[in-house]
Amino acid sequence: MKREYILKDLPNYDSPSAISAFLEERGLKALKKFGQNFLIQRRAREKLVASLAMPKGATVWEIGAGLGAMTDELLKCGAHVKAFEIDRGFCSILEELFSQSKNFLIVKGDVLETWKGEGRAEFLLGNLPYCIGARIIGDFIENGVFFKRMTLTVQREVARRMTAKPASRDYSSFSVLCSSVYNVKSVAILKGECFYPVPNVESEGVCLELKDAACRKGYTPFFYRVVRALFAARRKTVRNNLLAFIKTRQQADGVPPEIRCDTLLKTAGIPATERAENLSCEDFLRIVNAIQE
């Protein structure tokens with residue numbers, strides 16, 4: 001699709017030397033504290049954008065727009081892009097490159113602090129910093145902010161937790177968080193050399209597709225609080241972790257915590273000797289429903 005904006009001094013996004021020179025000319029550099037690693041494989045960028053399967057004219061939030069490689073791909077697809085970028089120097093570059101596009105808007109600052117005042121979008125694309133990737137995803141889900149589809153580049157360790165199934169090594173409370181409202185699948189494995197500068201870890205593109213509203217019912221902030229409590233001591237049984245959680249809550253009826261715990265598990269149909277790592281989202285939901293009832 002033909003661009004409806006003028007590009008000035010656009011770097012070669014596939015060339016580390018070109019990117020380095022582009023930054024040097026402007027007195028900038030990639031900062032490790034912001035997790036700035038640029039995806040230099042065009043085919044990978046196109047694959048990630050294609051996985052969003054968005055119609056022309058869709059509204060997309062882009063987290064970590066950087067120098068605009070993915071922004072350009074999104075705009076060429078006819079998307080309305082709201083780009084979140086924390087680096088002031090990169091914000092200036094994005095404005096220089098895309099300010100003439102009527103479909104582009106930039107939000108400056110830390111996305112964890114700015115997104116709540118920016119309305120909503122249908123789709124999300126993000127090359128998330130390794131240090132806060134899981135936190136950003138959790139922030140959206142626990143606040144009930146859902147996208148029709150999200151495609152995210154995260155540290156591969158985080159991706160394994162996102163796609164993990166019950167009884168697997170990587171299954172965790174974060175796995176439950178993601179799978180409670182999204183169907184999660186891997187899009188692409190991205191080796192270190194796919195980026196510039198080369199990170200010390202591998203990355204993975206992951207697509208999260210929103211489940212139907214009926215399937216998302218019951219997954220509230222309290223649900224996620226209980227799940228985290230049941231994973232608090234991974235090698236302990238569900239009963240021991242649930243008992244510890246119950247003891248933190250004030251109960252007015254005088255029922256001993258041990259009796260209350262056993263009653264809740266019996267109501268939910270969960271064996272007291274089971275461990276959280278073997279429970280599905282539906283199992284956790286039965287426990288939560290029993291607590292609330």
# chains A, B, ... in the order shown; residues from 1 in each chain; ligands from 1

$ residues_around --residues "region 154-170 of chain A" --least-positions-apart "6" --cutoff "12 Å" --atoms "only C-alpha atoms" --output "MDAnalysis selection string"
chainID A and resid 35 37 63:64 125:138 176:192 199:208 234 274:284

$ write_last_selection --atoms "C-alpha atoms" --output "PDB file, in the first residue's frame"
ATOM      1  CA  GLY A  35      15.247  -2.575  26.726  1.00  0.00           C
ATOM      2  CA  ASN A  37      16.667  -3.731  20.814  1.00  0.00           C
ATOM      3  CA  ILE A  63       4.189  -0.128  22.748  1.00  0.00           C
ATOM      4  CA  GLY A  64       7.876   0.681  22.342  1.00  0.00           C
ATOM      5  CA  LEU A 125       1.464  -4.589  19.030  1.00  0.00           C
ATOM      6  CA  GLY A 126       4.468  -4.383  21.304  1.00  0.00           C
ATOM      7  CA  ASN A 127       8.160  -5.140  21.526  1.00  0.00           C
ATOM      8  CA  LEU A 128       8.065  -5.202  25.309  1.00  0.00           C
ATOM      9  CA  PRO A 129      11.101  -4.452  27.487  1.00  0.00           C
ATOM     10  CA  TYR A 130      12.330  -7.667  29.077  1.00  0.00           C
ATOM     11  CA  CYS A 131      12.238  -6.255  32.586  1.00  0.00           C
ATOM     12  CA  ILE A 132       8.557  -5.228  32.568  1.00  0.00           C
ATOM     13  CA  GLY A 133       6.916  -7.281  29.802  1.00  0.00           C
ATOM     14  CA  ALA A 134       4.901  -9.511  32.151  1.00  0.00           C
ATOM     15  CA  ARG A 135       3.924  -6.521  34.277  1.00  0.00           C
ATOM     16  CA  ILE A 136       2.477  -4.637  31.298  1.00  0.00           C
ATOM     17  CA  ILE A 137       0.408  -7.650  30.201  1.00  0.00           C
ATOM     18  CA  GLY A 138      -0.837  -8.213  33.739  1.00  0.00           C
ATOM     19  CA  VAL A 176      -3.439 -18.611  34.321  1.00  0.00           C
ATOM     20  CA  LEU A 177      -3.658 -14.826  33.984  1.00  0.00           C
ATOM     21  CA  CYS A 178      -3.072 -14.982  30.224  1.00  0.00           C
ATOM     22  CA  SER A 179      -5.132 -18.075  29.407  1.00  0.00           C
ATOM     23  CA  SER A 180      -8.113 -16.979  31.481  1.00  0.00           C
ATOM     24  CA  VAL A 181      -9.189 -14.413  28.877  1.00  0.00           C
ATOM     25  CA  TYR A 182      -7.003 -15.101  25.821  1.00  0.00           C
ATOM     26  CA  ASN A 183      -6.126 -17.999  23.556  1.00  0.00           C
ATOM     27  CA  VAL A 184      -2.328 -17.798  23.419  1.00  0.00           C
ATOM     28  CA  LYS A 185      -0.095 -19.098  20.637  1.00  0.00           C
ATOM     29  CA  SER A 186       3.481 -18.654  19.493  1.00  0.00           C
ATOM     30  CA  VAL A 187       4.094 -16.680  16.303  1.00  0.00           C
ATOM     31  CA  ALA A 188       7.880 -16.721  15.893  1.00  0.00           C
ATOM     32  CA  ILE A 189      11.077 -17.632  17.732  1.00  0.00           C
ATOM     33  CA  LEU A 190      13.503 -14.710  17.497  1.00  0.00           C
ATOM     34  CA  LYS A 191      17.169 -15.425  18.120  1.00  0.00           C
ATOM     35  CA  GLY A 192      19.445 -12.764  19.551  1.00  0.00           C
ATOM     36  CA  PRO A 199      20.406  -9.046  23.506  1.00  0.00           C
ATOM     37  CA  ASN A 200      21.697 -11.717  25.845  1.00  0.00           C
ATOM     38  CA  VAL A 201      18.425 -13.657  25.662  1.00  0.00           C
ATOM     39  CA  GLU A 202      16.174 -15.117  22.988  1.00  0.00           C
ATOM     40  CA  SER A 203      12.784 -13.589  22.251  1.00  0.00           C
ATOM     41  CA  GLU A 204       9.489 -14.896  20.997  1.00  0.00           C
ATOM     42  CA  GLY A 205       6.520 -13.334  19.253  1.00  0.00           C
ATOM     43  CA  VAL A 206       3.263 -14.372  20.919  1.00  0.00           C
ATOM     44  CA  CYS A 207      -0.295 -13.722  19.752  1.00  0.00           C
ATOM     45  CA  LEU A 208      -3.155 -13.473  22.249  1.00  0.00           C
ATOM     46  CA  ARG A 234       4.801 -23.846  44.591  1.00  0.00           C
ATOM     47  CA  GLU A 274      -3.443 -31.286  44.766  1.00  0.00           C
ATOM     48  CA  ARG A 275      -0.961 -28.592  43.768  1.00  0.00           C
ATOM     49  CA  ALA A 276      -1.720 -25.345  41.972  1.00  0.00           C
ATOM     50  CA  GLU A 277       0.540 -26.280  39.055  1.00  0.00           C
ATOM     51  CA  ASN A 278      -1.917 -29.025  38.084  1.00  0.00           C
ATOM     52  CA  LEU A 279      -5.091 -26.914  38.145  1.00  0.00           C
ATOM     53  CA  SER A 280      -6.812 -25.375  35.123  1.00  0.00           C
ATOM     54  CA  CYS A 281      -8.424 -21.944  34.951  1.00  0.00           C
ATOM     55  CA  GLU A 282     -11.787 -23.608  35.527  1.00  0.00           C
ATOM     56  CA  ASP A 283     -10.471 -25.343  38.669  1.00  0.00           C
ATOM     57  CA  PHE A 284      -9.265 -22.039  40.107  1.00  0.00           C
TER      58      PHE A 284
END

$ residues_around --residues "Arg260 (chain A)" --least-positions-apart "5" --cutoff "10 Å" --atoms "only C-alpha atoms" --output "mmCIF file with N, CA and C atoms, in the first residue's frame"
data_model
loop_
_atom_site.group_PDB
_atom_site.id
_atom_site.type_symbol
_atom_site.label_atom_id
_atom_site.label_comp_id
_atom_site.auth_asym_id
_atom_site.auth_seq_id
_atom_site.Cartn_x
_atom_site.Cartn_y
_atom_site.Cartn_z
ATOM 1 N N LEU A 242 -4.086 -22.308 50.353
ATOM 2 C CA LEU A 242 -5.394 -21.708 50.570
ATOM 3 C C LEU A 242 -5.606 -21.380 52.043
ATOM 4 N N LEU A 243 -5.126 -22.249 52.922
ATOM 5 C CA LEU A 243 -5.247 -22.000 54.367
ATOM 6 C C LEU A 243 -4.511 -20.723 54.747
ATOM 7 N N ILE A 246 -6.638 -17.825 53.620
ATOM 8 C CA ILE A 246 -7.821 -17.642 54.459
ATOM 9 C C ILE A 246 -7.456 -16.947 55.765
ATOM 10 N N GLN A 251 -12.750 -13.068 59.228
ATOM 11 C CA GLN A 251 -13.986 -13.841 59.150
ATOM 12 C C GLN A 251 -14.805 -13.559 60.402
ATOM 13 N N GLY A 254 -16.668 -16.996 63.031
ATOM 14 C CA GLY A 254 -16.002 -17.827 64.026
ATOM 15 C C GLY A 254 -15.639 -19.214 63.568
ATOM 16 N N VAL A 255 -15.824 -19.541 62.293
ATOM 17 C CA VAL A 255 -15.455 -20.862 61.781
ATOM 18 C C VAL A 255 -13.923 -20.969 61.718
ATOM 19 N N LEU A 265 -12.662 -26.391 49.560
ATOM 20 C CA LEU A 265 -12.102 -27.326 48.587
ATOM 21 C C LEU A 265 -13.092 -28.429 48.239
ATOM 22 N N LYS A 266 -13.852 -28.894 49.236
ATOM 23 C CA LYS A 266 -14.862 -29.916 48.965
ATOM 24 C C LYS A 266 -15.949 -29.365 48.055
ATOM 25 N N ILE A 291 -15.272 -19.464 47.568
ATOM 26 C CA ILE A 291 -14.890 -18.429 48.560
ATOM 27 C C ILE A 291 -15.926 -17.313 48.576
#

$ residues_around --residues "Ala121 (chain A)" --least-positions-apart "3" --cutoff "7 Å" --atoms "only C-alpha atoms" --output "PyMOL selection string"
chain A and resi 59-61+147

$ residues_around --residues "Arg43 (chain A)" --least-positions-apart "5" --cutoff "12 Å" --atoms "only C-alpha atoms" --output "list in words"
Tyr13, Asp14, Leu48, Val49, Ala50, Ala69, Met70, Glu73, Ala188, Leu190 and Cys194 of chain A

$ select_by_dssp --residues "region 69-194 of chain A" --states "strand (DSSP E)" --output "count of residues only"
32

$ residues_around --residues "Pro55 (chain A)" --least-positions-apart "6" --cutoff "10 Å" --atoms "only C-alpha atoms" --output "JSON, numbers by chain"
{"A": [77, 78, 79]}

$ write_last_selection --atoms "N, CA and C atoms" --output "PDB file, in the first residue's frame"
ATOM      1  N   CYS A  77      -0.473  -0.806   6.460  1.00  0.00           N
ATOM      2  CA  CYS A  77      -1.647  -1.683   6.455  1.00  0.00           C
ATOM      3  C   CYS A  77      -2.944  -0.899   6.635  1.00  0.00           C
ATOM      4  N   GLY A  78      -2.825   0.420   6.770  1.00  0.00           N
ATOM      5  CA  GLY A  78      -4.017   1.250   6.912  1.00  0.00           C
ATOM      6  C   GLY A  78      -4.517   1.396   8.329  1.00  0.00           C
ATOM      7  N   ALA A  79      -3.681   1.072   9.321  1.00  0.00           N
ATOM      8  CA  ALA A  79      -4.091   1.161  10.717  1.00  0.00           C
ATOM      9  C   ALA A  79      -3.993   2.590  11.234  1.00  0.00           C
TER      10      ALA A  79
END
